[in-house]
>>> print(open('upload.csv').read())   # CSV, C-alpha atoms (C1' of nucleotides)
chain,number,residue,atom,x,y,z
A,1,MET,CA,0.0,0.0,0.0
A,2,LYS,CA,1.6,3.2,-1.1
A,3,LEU,CA,0.5,6.7,-0.3
A,4,ILE,CA,1.9,8.1,-3.6
A,5,THR,CA,2.4,6.2,-6.8
A,6,ARG,CA,5.1,6.6,-9.4
A,7,ASN,CA,3.0,8.9,-11.4
A,8,THR,CA,2.8,11.3,-8.6
A,9,ASP,CA,6.4,11.0,-7.7
A,10,TYR,CA,7.5,11.6,-11.3
A,11,ALA,CA,5.2,14.5,-11.5
A,12,VAL,CA,6.7,16.1,-8.4
A,13,ARG,CA,10.2,15.8,-10.0
A,14,ALA,CA,9.1,17.3,-13.3
A,15,LEU,CA,7.2,20.1,-11.7
A,16,CYS,CA,10.2,21.0,-9.5
A,17,TYR,CA,12.4,21.2,-12.5
A,18,LEU,CA,9.9,23.2,-14.4
A,19,ALA,CA,9.6,25.6,-11.5
A,20,GLY,CA,13.3,26.3,-11.8
A,21,GLN,CA,12.9,27.3,-15.4
A,22,GLY,CA,10.4,30.0,-15.0
A,23,SER,CA,8.0,30.5,-17.9
A,24,ALA,CA,10.3,29.0,-20.5
A,25,ALA,CA,8.8,26.1,-22.5
A,26,VAL,CA,10.8,23.0,-21.6
A,27,SER,CA,10.6,20.0,-23.9
A,28,VAL,CA,10.1,16.4,-22.9
A,29,THR,CA,13.5,15.7,-24.4
A,30,GLU,CA,15.1,18.0,-21.9
A,31,LEU,CA,13.1,16.6,-19.0
A,32,VAL,CA,14.0,13.1,-19.9
A,33,ALA,CA,17.7,13.9,-20.0
A,34,ARG,CA,17.5,15.6,-16.6
A,35,LEU,CA,15.2,13.4,-14.7
A,36,ARG,CA,15.7,9.9,-16.2
A,37,ILE,CA,12.1,9.1,-16.4
A,38,PRO,CA,10.9,6.8,-19.2
A,39,ARG,CA,10.0,9.1,-22.1
A,40,PRO,CA,6.5,7.8,-23.1
A,41,PHE,CA,5.5,7.6,-19.5
A,42,LEU,CA,6.6,11.2,-18.8
A,43,ARG,CA,4.8,12.4,-21.9
A,44,LYS,CA,1.5,11.0,-20.9
A,45,LEU,CA,1.9,12.3,-17.4
A,46,LEU,CA,2.7,15.8,-18.6
A,47,GLN,CA,-0.3,15.8,-21.0
A,48,THR,CA,-2.5,14.9,-18.1
A,49,LEU,CA,-1.1,17.8,-16.0
A,50,GLY,CA,-1.8,20.0,-19.0
A,51,GLY,CA,-5.4,18.9,-19.2
A,52,GLU,CA,-5.8,19.6,-15.5
A,53,GLY,CA,-4.6,23.2,-15.9
A,54,ILE,CA,-1.4,22.7,-13.9
A,55,LEU,CA,0.9,22.9,-17.0
A,56,ARG,CA,0.7,25.1,-20.0
A,57,SER,CA,1.9,23.6,-23.3
A,58,THR,CA,3.0,24.9,-26.7
A,59,LYS,CA,3.2,22.7,-29.7
A,60,GLY,CA,5.6,22.7,-32.6
A,61,GLN,CA,9.3,23.1,-32.7
A,62,GLY,CA,10.7,24.9,-29.7
A,63,GLY,CA,7.6,24.1,-27.8
A,64,GLY,CA,7.2,22.3,-24.5
A,65,PHE,CA,5.7,22.6,-21.1
A,66,SER,CA,5.8,25.3,-18.4
A,67,LEU,CA,3.9,25.8,-15.1
A,68,ALA,CA,0.5,27.3,-15.5
A,69,LYS,CA,0.2,28.1,-11.8
A,70,SER,CA,2.6,29.3,-9.2
A,71,PRO,CA,4.6,26.6,-7.3
A,72,GLU,CA,2.8,27.7,-4.1
A,73,ASN,CA,-0.5,26.7,-5.6
A,74,ILE,CA,0.5,23.2,-6.8
A,75,ARG,CA,-0.1,20.9,-3.8
A,76,LEU,CA,0.6,17.3,-3.3
A,77,THR,CA,-3.1,16.7,-2.8
A,78,ASP,CA,-3.8,18.0,-6.3
A,79,LEU,CA,-1.4,15.5,-7.8
A,80,ILE,CA,-2.7,12.6,-5.7
A,81,ARG,CA,-6.3,13.5,-6.7
A,82,ILE,CA,-5.3,13.6,-10.4
A,83,PHE,CA,-3.2,10.5,-10.6
A,84,GLN,CA,-4.7,8.4,-7.8
A,85,GLY,CA,-8.3,9.4,-7.7
A,86,GLY,CA,-7.8,11.1,-4.3
A,87,ILE,CA,-7.1,9.8,-0.9
A,88,GLN,CA,-9.6,7.4,0.5
A,89,LEU,CA,-8.0,5.2,3.0
A,90,ASN,CA,-11.4,4.1,4.0
A,91,GLU,CA,-14.2,2.3,2.2
A,92,CYS,CA,-17.2,0.9,3.8
A,93,ILE,CA,-17.8,-2.5,2.6
A,94,PHE,CA,-21.5,-2.6,3.3
A,95,LYS,CA,-22.6,0.4,1.3
A,96,ARG,CA,-26.3,0.6,1.8
A,97,LYS,CA,-26.9,-2.4,3.8
A,98,ILE,CA,-27.0,-2.6,7.5
A,99,CYS,CA,-23.6,-3.0,9.0
A,100,PRO,CA,-23.7,-6.2,11.0
A,101,ASN,CA,-20.9,-5.2,13.3
A,102,ARG,CA,-20.6,-2.1,15.5
A,103,ALA,CA,-16.9,-2.6,16.0
A,104,THR,CA,-16.2,-2.1,12.3
A,105,CYS,CA,-17.9,1.3,12.5
A,106,VAL,CA,-15.6,2.3,15.3
A,107,LEU,CA,-12.7,1.1,13.1
A,108,LYS,CA,-14.1,3.2,10.3
A,109,ARG,CA,-14.0,6.3,12.5
A,110,GLU,CA,-10.5,5.7,13.5
A,111,ILE,CA,-9.4,5.4,10.0
A,112,ASP,CA,-11.3,8.5,9.0
A,113,GLY,CA,-9.3,10.3,11.7
A,114,ILE,CA,-6.0,9.1,10.3
A,115,GLU,CA,-7.1,10.0,6.8
A,116,GLN,CA,-8.0,13.6,7.9
A,117,SER,CA,-4.6,14.2,9.6
A,118,ALA,CA,-2.8,12.7,6.6
A,119,LEU,CA,-4.7,15.0,4.3
A,120,GLN,CA,-4.0,18.1,6.4
A,121,ARG,CA,-0.3,17.4,6.2
A,122,LEU,CA,-0.3,16.7,2.5
A,123,GLU,CA,-2.2,19.8,1.8
A,124,LYS,CA,0.7,21.8,3.2
A,125,VAL,CA,3.2,20.3,0.8
A,126,SER,CA,3.5,22.4,-2.3
A,127,ILE,CA,6.0,22.4,-5.1
A,128,ALA,CA,7.3,25.6,-3.7
A,129,LEU,CA,7.9,24.0,-0.3
A,130,LEU,CA,9.7,21.1,-1.8
A,131,ILE,CA,12.1,23.3,-3.7
A,132,ARG,CA,12.7,25.5,-0.7
A,133,LYS,CA,13.5,22.7,1.7
A,134,GLY,CA,15.5,20.9,-1.0
A,135,ARG,CA,17.9,23.9,-1.2
A,136,HIS,CA,18.9,23.7,2.4
A,137,HIS,CA,21.0,20.7,1.5
A,138,ASP,CA,24.2,20.7,-0.4
A,139,GLN,CA,24.0,20.3,-4.1
B,1,MET,CA,-5.5,3.5,-2.1
B,2,LYS,CA,-6.9,1.8,0.9
B,3,LEU,CA,-5.3,1.7,4.4
B,4,ILE,CA,-7.0,-1.6,5.2
B,5,THR,CA,-8.0,-4.3,2.8
B,6,ARG,CA,-11.0,-6.6,3.0
B,7,ASN,CA,-8.9,-9.3,4.5
B,8,THR,CA,-8.1,-7.1,7.4
B,9,ASP,CA,-11.6,-5.8,7.7
B,10,TYR,CA,-13.1,-9.3,7.8
B,11,ALA,CA,-10.5,-10.4,10.3
B,12,VAL,CA,-11.5,-7.6,12.6
B,13,ARG,CA,-15.1,-8.7,12.5
B,14,ALA,CA,-14.3,-12.3,13.1
B,15,LEU,CA,-11.9,-11.5,15.9
B,16,CYS,CA,-14.5,-9.3,17.6
B,17,TYR,CA,-17.0,-12.0,17.5
B,18,LEU,CA,-14.6,-14.6,18.8
B,19,ALA,CA,-13.6,-12.4,21.6
B,20,GLY,CA,-17.2,-12.4,22.7
B,21,GLN,CA,-17.3,-16.2,22.9
B,22,GLY,CA,-14.4,-16.6,25.3
B,23,SER,CA,-12.3,-19.7,24.8
B,24,ALA,CA,-15.1,-21.7,23.2
B,25,ALA,CA,-14.2,-23.2,19.8
B,26,VAL,CA,-16.4,-21.4,17.2
B,27,SER,CA,-16.8,-23.1,13.8
B,28,VAL,CA,-16.5,-21.4,10.4
B,29,THR,CA,-20.2,-22.3,9.9
B,30,GLU,CA,-21.2,-20.3,12.8
B,31,LEU,CA,-19.0,-17.3,11.9
B,32,VAL,CA,-20.4,-17.3,8.3
B,33,ALA,CA,-23.9,-17.2,9.7
B,34,ARG,CA,-23.2,-14.3,11.9
B,35,LEU,CA,-20.8,-12.2,9.8
B,36,ARG,CA,-22.0,-12.9,6.2
B,37,ILE,CA,-18.5,-13.3,4.9
B,38,PRO,CA,-17.9,-15.6,2.0
B,39,ARG,CA,-17.1,-19.0,3.5
B,40,PRO,CA,-14.0,-20.1,1.6
B,41,PHE,CA,-12.5,-16.6,2.0
B,42,LEU,CA,-13.1,-16.6,5.7
B,43,ARG,CA,-11.7,-20.1,6.1
B,44,LYS,CA,-8.4,-19.1,4.4
B,45,LEU,CA,-8.2,-16.0,6.5
B,46,LEU,CA,-8.7,-17.8,9.8
B,47,GLN,CA,-6.2,-20.4,8.8
B,48,THR,CA,-3.7,-17.6,8.3
B,49,LEU,CA,-4.5,-16.1,11.7
B,50,GLY,CA,-4.0,-19.6,13.2
B,51,GLY,CA,-0.6,-19.9,11.6
B,52,GLU,CA,0.3,-16.4,12.9
B,53,GLY,CA,-0.5,-17.4,16.5
B,54,ILE,CA,-3.5,-15.1,16.8
B,55,LEU,CA,-6.0,-17.9,16.8
B,56,ARG,CA,-6.0,-21.4,18.3
B,57,SER,CA,-7.7,-24.1,16.3
B,58,THR,CA,-9.1,-27.5,17.0
B,59,LYS,CA,-9.9,-30.0,14.3
B,60,GLY,CA,-12.6,-32.6,14.0
B,61,GLN,CA,-16.2,-32.5,14.9
B,62,GLY,CA,-17.1,-29.8,17.4
B,63,GLY,CA,-13.8,-28.0,16.6
B,64,GLY,CA,-13.3,-24.5,15.5
B,65,PHE,CA,-11.4,-21.3,16.3
B,66,SER,CA,-10.8,-19.3,19.4
B,67,LEU,CA,-8.5,-16.4,20.3
B,68,ALA,CA,-4.9,-17.5,21.2
B,69,LYS,CA,-4.1,-14.0,22.7
B,70,SER,CA,-6.1,-11.6,24.8
B,71,PRO,CA,-8.1,-9.0,22.8
B,72,GLU,CA,-5.8,-6.3,24.2
B,73,ASN,CA,-2.8,-7.9,22.5
B,74,ILE,CA,-4.3,-8.1,19.1
B,75,ARG,CA,-3.7,-4.9,17.3
B,76,LEU,CA,-4.7,-3.5,14.0
B,77,THR,CA,-1.0,-3.2,13.0
B,78,ASP,CA,-0.6,-6.9,13.5
B,79,LEU,CA,-3.4,-7.6,11.1
B,80,ILE,CA,-2.2,-5.1,8.6
B,81,ARG,CA,1.3,-6.7,8.8
B,82,ILE,CA,-0.1,-10.2,8.2
B,83,PHE,CA,-2.5,-9.5,5.4
B,84,GLN,CA,-1.0,-6.5,3.8
B,85,GLY,CA,2.7,-6.9,4.4
B,86,GLY,CA,2.8,-4.1,6.8
B,87,ILE,CA,2.5,-0.4,6.2
B,88,GLN,CA,4.9,1.2,3.9
B,89,LEU,CA,3.4,4.4,2.5
B,90,ASN,CA,6.7,5.2,1.1
B,91,GLU,CA,9.1,3.6,-1.3
B,92,CYS,CA,12.2,5.1,-2.7
B,93,ILE,CA,12.2,4.6,-6.4
B,94,PHE,CA,16.0,4.9,-6.8
B,95,LYS,CA,17.1,2.2,-4.4
B,96,ARG,CA,20.8,2.1,-4.6
B,97,LYS,CA,21.4,4.8,-7.2
B,98,ILE,CA,21.9,8.4,-6.6
B,99,CYS,CA,18.7,10.3,-6.3
B,100,PRO,CA,18.7,12.9,-9.0
B,101,ASN,CA,16.4,15.3,-7.1
B,102,ARG,CA,16.7,16.7,-3.7
B,103,ALA,CA,13.1,17.7,-3.6
B,104,THR,CA,11.9,14.1,-3.7
B,105,CYS,CA,14.0,13.3,-0.6
B,106,VAL,CA,12.2,16.1,1.1
B,107,LEU,CA,8.9,14.6,-0.1
B,108,LYS,CA,10.1,11.2,1.2
B,109,ARG,CA,10.6,12.6,4.7
B,110,GLU,CA,7.2,14.2,4.7
B,111,ILE,CA,5.6,10.9,3.9
B,112,ASP,CA,7.7,9.1,6.4
B,113,GLY,CA,6.3,11.5,9.0
B,114,ILE,CA,2.7,10.8,7.9
B,115,GLU,CA,3.4,7.1,8.1
B,116,GLN,CA,4.8,7.3,11.6
B,117,SER,CA,1.8,9.1,12.9
B,118,ALA,CA,-0.6,6.7,11.2
B,119,LEU,CA,1.3,3.8,12.7
B,120,GLN,CA,1.2,5.3,16.1
B,121,ARG,CA,-2.6,5.6,15.9
B,122,LEU,CA,-3.1,2.2,14.5
B,123,GLU,CA,-0.9,0.6,17.1
B,124,LYS,CA,-3.4,1.8,19.8
B,125,VAL,CA,-6.4,0.1,18.1
B,126,SER,CA,-6.8,-3.3,19.6
B,127,ILE,CA,-9.7,-5.8,19.3
B,128,ALA,CA,-10.4,-5.0,22.9
B,129,LEU,CA,-10.7,-1.3,22.1
B,130,LEU,CA,-13.0,-1.9,19.2
B,131,ILE,CA,-15.4,-4.0,21.3
B,132,ARG,CA,-15.3,-1.5,24.2
B,133,LYS,CA,-16.1,1.5,22.0
B,134,GLY,CA,-18.7,-0.5,20.0
B,135,ARG,CA,-20.6,-1.2,23.2
B,136,HIS,CA,-21.2,2.5,23.9
B,137,HIS,CA,-23.7,2.5,21.1
B,138,ASP,CA,-27.2,1.0,21.0
B,139,GLN,CA,-27.5,-2.6,20.0
C,1,DA,C1',-17.5,-45.9,9.7
C,2,DC,C1',-19.4,-41.4,9.2
C,3,DA,C1',-19.8,-36.7,9.6
C,4,DA,C1',-18.1,-32.4,10.8
C,5,DA,C1',-14.5,-29.8,11.3
C,6,DT,C1',-9.6,-27.6,10.0
C,7,DG,C1',-4.8,-27.8,7.0
C,8,DA,C1',-2.8,-27.0,2.8
C,9,DT,C1',-2.7,-25.5,-1.6
C,10,DA,C1',-3.9,-24.4,-6.3
C,11,DC,C1',-6.6,-21.8,-9.1
C,12,DC,C1',-9.3,-17.8,-11.2
C,13,DA,C1',-11.1,-13.0,-12.4
C,14,DA,C1',-11.0,-8.1,-11.9
C,15,DT,C1',-8.4,-4.1,-11.1
C,16,DT,C1',-4.5,-1.2,-10.8
C,17,DC,C1',0.0,0.2,-11.9
C,18,DA,C1',3.9,1.0,-14.9
C,19,DG,C1',5.1,1.5,-19.2
C,20,DT,C1',5.0,1.2,-24.5
C,21,DA,C1',3.5,2.4,-29.2
C,22,DT,C1',1.3,4.9,-32.8
C,23,DC,C1',-0.9,8.2,-35.5
C,24,DA,C1',-2.5,13.0,-35.8
C,25,DT,C1',-1.7,17.9,-35.3
C,26,DT,C1',0.8,22.1,-34.7
C,27,DA,C1',4.4,25.5,-35.7
C,28,DA,C1',9.2,27.1,-36.2
C,29,DA,C1',13.1,27.0,-39.4
C,30,DC,C1',15.1,26.4,-43.6
D,1,DG,C1',6.3,24.6,-48.8
D,2,DT,C1',8.7,20.9,-47.0
D,3,DT,C1',11.0,19.2,-43.1
D,4,DT,C1',11.5,18.7,-38.4
D,5,DA,C1',10.7,19.0,-33.6
D,6,DA,C1',7.4,19.3,-30.7
D,7,DT,C1',2.6,18.1,-28.2
D,8,DG,C1',-2.6,15.7,-28.5
D,9,DA,C1',-5.0,11.7,-28.2
D,10,DT,C1',-5.6,7.1,-27.5
D,11,DA,C1',-5.0,2.2,-27.5
D,12,DC,C1',-2.3,-1.5,-26.0
D,13,DT,C1',0.6,-4.7,-22.9
D,14,DG,C1',2.6,-7.2,-18.8
D,15,DA,C1',3.1,-7.7,-13.9
D,16,DA,C1',1.3,-7.5,-9.3
D,17,DT,C1',-2.3,-7.3,-6.0
D,18,DT,C1',-6.9,-8.2,-4.4
D,19,DG,C1',-11.0,-10.8,-3.6
D,20,DG,C1',-12.7,-15.0,-4.0
D,21,DT,C1',-13.3,-20.2,-5.3
D,22,DA,C1',-12.3,-25.2,-5.3
D,23,DT,C1',-10.3,-29.4,-3.9
D,24,DC,C1',-8.1,-33.0,-1.5
D,25,DA,C1',-6.1,-34.4,2.9
D,26,DT,C1',-6.3,-34.9,7.8
D,27,DT,C1',-8.3,-35.0,12.3
D,28,DT,C1',-11.7,-36.2,15.8
D,29,DG,C1',-16.2,-36.8,18.2
D,30,DT,C1',-20.3,-39.8,17.8
>>> encode(input="upload.csv", output="structure tokens")
Amino acid sequence: MKLITRNTDYAVRALCYLAGQGSAAVSVTELVARLRIPRPFLRKLLQTLGGEGILRSTKGQGGGFSLAKSPENIRLTDLIRIFQGGIQLNECIFKRKICPNRATCVLKREIDGIEQSALQRLEKVSIALLIRKGRHHDQ
Amino acid sequence: MKLITRNTDYAVRALCYLAGQGSAAVSVTELVARLRIPRPFLRKLLQTLGGEGILRSTKGQGGGFSLAKSPENIRLTDLIRIFQGGIQLNECIFKRKICPNRATCVLKREIDGIEQSALQRLEKVSIALLIRKGRHHDQ
DNA sequence: ACAAATGATACCAATTCAGTATCATTAAAC
DNA sequence: GTTTAATGATACTGAATTGGTATCATTTGT
């Protein structure tokens, strides 16, 4: 069970790199060279981010991708929602039927609580934050 | 992405029921009637719990399953470990290689933190707790 | 001996995840 | 205006996980 999938992870890398390039259009070719992410996979991923309004894209020679929003306004929860259909740690197995066991409802509330606190923390993680904290280290 | 799978959920239900029956051997037939869990699935699950030392089993006519540990000592984290291979929200994609991006390491630490707090909370949820809290409600 | 129970194990279908492949379209550069 | 470098759209594939089924062997009380 993973909290973030490879899609989300790769997206974070790409977005951090793009954030460092300002509004210049960066091609997939350049991103592949820098990030070592499989090219077709990265392409699909960037197209998705384009469709979601997180990236701007320009076609044709010299084209590429750039951020459509400020790094402060791109949050991990956005990416998780896009690539993983959101966070839902919980899922009641008896949807409309009567739950035959009170204890499982208690369990459900516990897990809801965990989910809430995870969401709150992920909400605070933006691309801007990741870049900022990353700079504190050497390299 | 689910924090607990159906296996774990079903196990919780079965364990709560068994906890209410003391040290008496309860057959799969009885559990199926009470919990409405598919019989072969429940069987396999109980056998697994037996092998893990959480249930005691007696074969032959009149046999069945009973708790091998006190309800206080059966924790959600145990079940998650058994059925879901533990909690690992995180997974570094570049195992031995050099990570080309500092930001992703920052991300990794954030997720580690979330994982830690989730684990701490799950660790406190025992079968005993679930029964206790469940009783506060009507039924 | 029979019936009722678990032990062990193999199998199957649906879903998700990670990744590939291809054709169409756009637009700068020559 | 042709070439070339780029994205848009979309279909496909393989592996792993999840949820569930089926079967045969073994044990044990009656």
>>> residues_around(input="upload.csv", residues="range 74-89 of chain B", least_positions_apart="4", cutoff="10 Å", atoms="all atoms listed in the file", output="VMD selection string")
(chain A and resid 1 to 5 107) or (chain B and resid 3 to 9 11 to 12 15 45 48 to 49 52 54 67 to 70 108 111 to 112 114 to 116 118 to 130) or (chain D and resid 17)
>>> closest_residue(input="upload.csv", among="A:Asn90, A:Gln47, A:Gln61, A:Gln21", to="chain C", atoms="only C-alpha atoms (C1' of nucleotides)")
A:Gln61
>>> atom_distance(input="upload.csv", atom1="CA of Leu35 in chain B", atom2="C1' of DT18 in chain D")
20.3 Å
>>> atom_distance(input="upload.csv", atom1="CA of Arg34 in chain B", atom2="C1' of DA3 in chain C")
22.8 Å
>>> closest_residue(input="upload.csv", among="B:Pro71, B:Gly22, B:Gly50, B:Pro38", to="chain D", atoms="only C-alpha atoms (C1' of nucleotides)")
B:Pro38
>>> interface_residues(input="upload.csv", of="chain B", to="chain D", cutoff="7 Å", atoms="only C-alpha atoms (C1' of nucleotides)", output="MDAnalysis selection string")
chainID B and resid 40:41 59:61
>>> write_last_selection(input="upload.csv", atoms="C-alpha atoms", output="CSV table (one decimal), in the frame of the given file")
chain,number,residue,atom,x,y,z
B,40,PRO,CA,-14.0,-20.1,1.6
B,41,PHE,CA,-12.5,-16.6,2.0
B,59,LYS,CA,-9.9,-30.0,14.3
B,60,GLY,CA,-12.6,-32.6,14.0
B,61,GLN,CA,-16.2,-32.5,14.9
>>> closest_atom_pairs(input="upload.csv", of="chain C", to="chain A", cutoff="10 Å", atoms="all atoms listed in the file", output="Markdown table")
| residue | atom | partner | partner_atom | distance |
| --- | --- | --- | --- | --- |
| C:DC17 | C1' | A:Thr5 | CA | 8.2 |
| C:DA18 | C1' | A:Arg6 | CA | 7.9 |
| C:DG19 | C1' | A:Phe41 | CA | 6.1 |
| C:DT20 | C1' | A:Pro40 | CA | 6.9 |
| C:DA21 | C1' | A:Pro40 | CA | 8.7 |
| C:DT25 | C1' | A:Lys59 | CA | 8.9 |
| C:DT26 | C1' | A:Gly60 | CA | 5.3 |
| C:DA27 | C1' | A:Gly60 | CA | 4.3 |
| C:DA28 | C1' | A:Gln61 | CA | 5.3 |
| C:DA29 | C1' | A:Gln61 | CA | 8.6 |
>>> atom_distance(input="upload.csv", atom1="CA of Ser27 in chain B", atom2="C1' of DA8 in chain C")
18.2 Å
>>> closest_residue(input="upload.csv", among="B:Ser57, B:Asn73, B:Ser117, B:Ser66", to="chain A", atoms="all atoms listed in the file")
B:Ser117
>>> build_atoms(input="upload.csv", residues="range 4-23 of chain B", atoms="N, CA and C atoms", output="PDB file, in the frame of the given file")
ATOM      1  N   ILE B   4      -6.758  -0.194   4.863  1.00  0.00           N
ATOM      2  CA  ILE B   4      -7.000  -1.600   5.200  1.00  0.00           C
ATOM      3  C   ILE B   4      -7.732  -2.292   4.093  1.00  0.00           C
ATOM      4  N   THR B   5      -7.380  -3.523   3.853  1.00  0.00           N
ATOM      5  CA  THR B   5      -8.000  -4.300   2.800  1.00  0.00           C
ATOM      6  C   THR B   5      -9.172  -5.119   3.404  1.00  0.00           C
ATOM      7  N   ARG B   6      -9.861  -5.807   2.527  1.00  0.00           N
ATOM      8  CA  ARG B   6     -11.000  -6.600   3.000  1.00  0.00           C
ATOM      9  C   ARG B   6     -10.610  -7.700   3.923  1.00  0.00           C
ATOM     10  N   ASN B   7      -9.493  -8.313   3.624  1.00  0.00           N
ATOM     11  CA  ASN B   7      -8.900  -9.300   4.500  1.00  0.00           C
ATOM     12  C   ASN B   7      -8.861  -8.806   5.955  1.00  0.00           C
ATOM     13  N   THR B   8      -8.255  -7.673   6.112  1.00  0.00           N
ATOM     14  CA  THR B   8      -8.100  -7.100   7.400  1.00  0.00           C
ATOM     15  C   THR B   8      -9.427  -6.753   8.059  1.00  0.00           C
ATOM     16  N   ASP B   9     -10.287  -6.181   7.259  1.00  0.00           N
ATOM     17  CA  ASP B   9     -11.600  -5.800   7.700  1.00  0.00           C
ATOM     18  C   ASP B   9     -12.385  -7.031   8.231  1.00  0.00           C
ATOM     19  N   TYR B  10     -12.402  -8.049   7.418  1.00  0.00           N
ATOM     20  CA  TYR B  10     -13.100  -9.300   7.800  1.00  0.00           C
ATOM     21  C   TYR B  10     -12.456  -9.885   9.050  1.00  0.00           C
ATOM     22  N   ALA B  11     -11.150  -9.844   9.118  1.00  0.00           N
ATOM     23  CA  ALA B  11     -10.500 -10.400  10.300  1.00  0.00           C
ATOM     24  C   ALA B  11     -10.906  -9.687  11.550  1.00  0.00           C
ATOM     25  N   VAL B  12     -11.031  -8.377  11.463  1.00  0.00           N
ATOM     26  CA  VAL B  12     -11.500  -7.600  12.600  1.00  0.00           C
ATOM     27  C   VAL B  12     -12.853  -8.091  13.077  1.00  0.00           C
ATOM     28  N   ARG B  13     -13.760  -8.246  12.147  1.00  0.00           N
ATOM     29  CA  ARG B  13     -15.100  -8.700  12.500  1.00  0.00           C
ATOM     30  C   ARG B  13     -15.081 -10.051  13.164  1.00  0.00           C
ATOM     31  N   ALA B  14     -14.341 -10.966  12.545  1.00  0.00           N
ATOM     32  CA  ALA B  14     -14.300 -12.300  13.100  1.00  0.00           C
ATOM     33  C   ALA B  14     -13.660 -12.316  14.481  1.00  0.00           C
ATOM     34  N   LEU B  15     -12.598 -11.553  14.642  1.00  0.00           N
ATOM     35  CA  LEU B  15     -11.900 -11.500  15.900  1.00  0.00           C
ATOM     36  C   LEU B  15     -12.797 -10.924  17.019  1.00  0.00           C
ATOM     37  N   CYS B  16     -13.549  -9.899  16.656  1.00  0.00           N
ATOM     38  CA  CYS B  16     -14.500  -9.300  17.600  1.00  0.00           C
ATOM     39  C   CYS B  16     -15.512 -10.304  18.064  1.00  0.00           C
ATOM     40  N   TYR B  17     -16.012 -11.050  17.111  1.00  0.00           N
ATOM     41  CA  TYR B  17     -17.000 -12.000  17.500  1.00  0.00           C
ATOM     42  C   TYR B  17     -16.415 -13.133  18.355  1.00  0.00           C
ATOM     43  N   LEU B  18     -15.256 -13.601  17.977  1.00  0.00           N
ATOM     44  CA  LEU B  18     -14.600 -14.600  18.800  1.00  0.00           C
ATOM     45  C   LEU B  18     -14.275 -14.161  20.169  1.00  0.00           C
ATOM     46  N   ALA B  19     -13.898 -12.898  20.262  1.00  0.00           N
ATOM     47  CA  ALA B  19     -13.600 -12.400  21.600  1.00  0.00           C
ATOM     48  C   ALA B  19     -14.803 -12.442  22.507  1.00  0.00           C
ATOM     49  N   GLY B  20     -15.977 -12.321  21.925  1.00  0.00           N
ATOM     50  CA  GLY B  20     -17.200 -12.400  22.700  1.00  0.00           C
ATOM     51  C   GLY B  20     -17.583 -13.806  23.134  1.00  0.00           C
ATOM     52  N   GLN B  21     -16.923 -14.791  22.569  1.00  0.00           N
ATOM     53  CA  GLN B  21     -17.300 -16.200  22.900  1.00  0.00           C
ATOM     54  C   GLN B  21     -16.244 -16.856  23.791  1.00  0.00           C
ATOM     55  N   GLY B  22     -15.402 -16.063  24.373  1.00  0.00           N
ATOM     56  CA  GLY B  22     -14.400 -16.600  25.300  1.00  0.00           C
ATOM     57  C   GLY B  22     -13.516 -17.617  24.668  1.00  0.00           C
ATOM     58  N   SER B  23     -13.279 -18.722  25.363  1.00  0.00           N
ATOM     59  CA  SER B  23     -12.300 -19.700  24.800  1.00  0.00           C
ATOM     60  C   SER B  23     -13.034 -20.848  24.099  1.00  0.00           C
TER      61      SER B  23
END
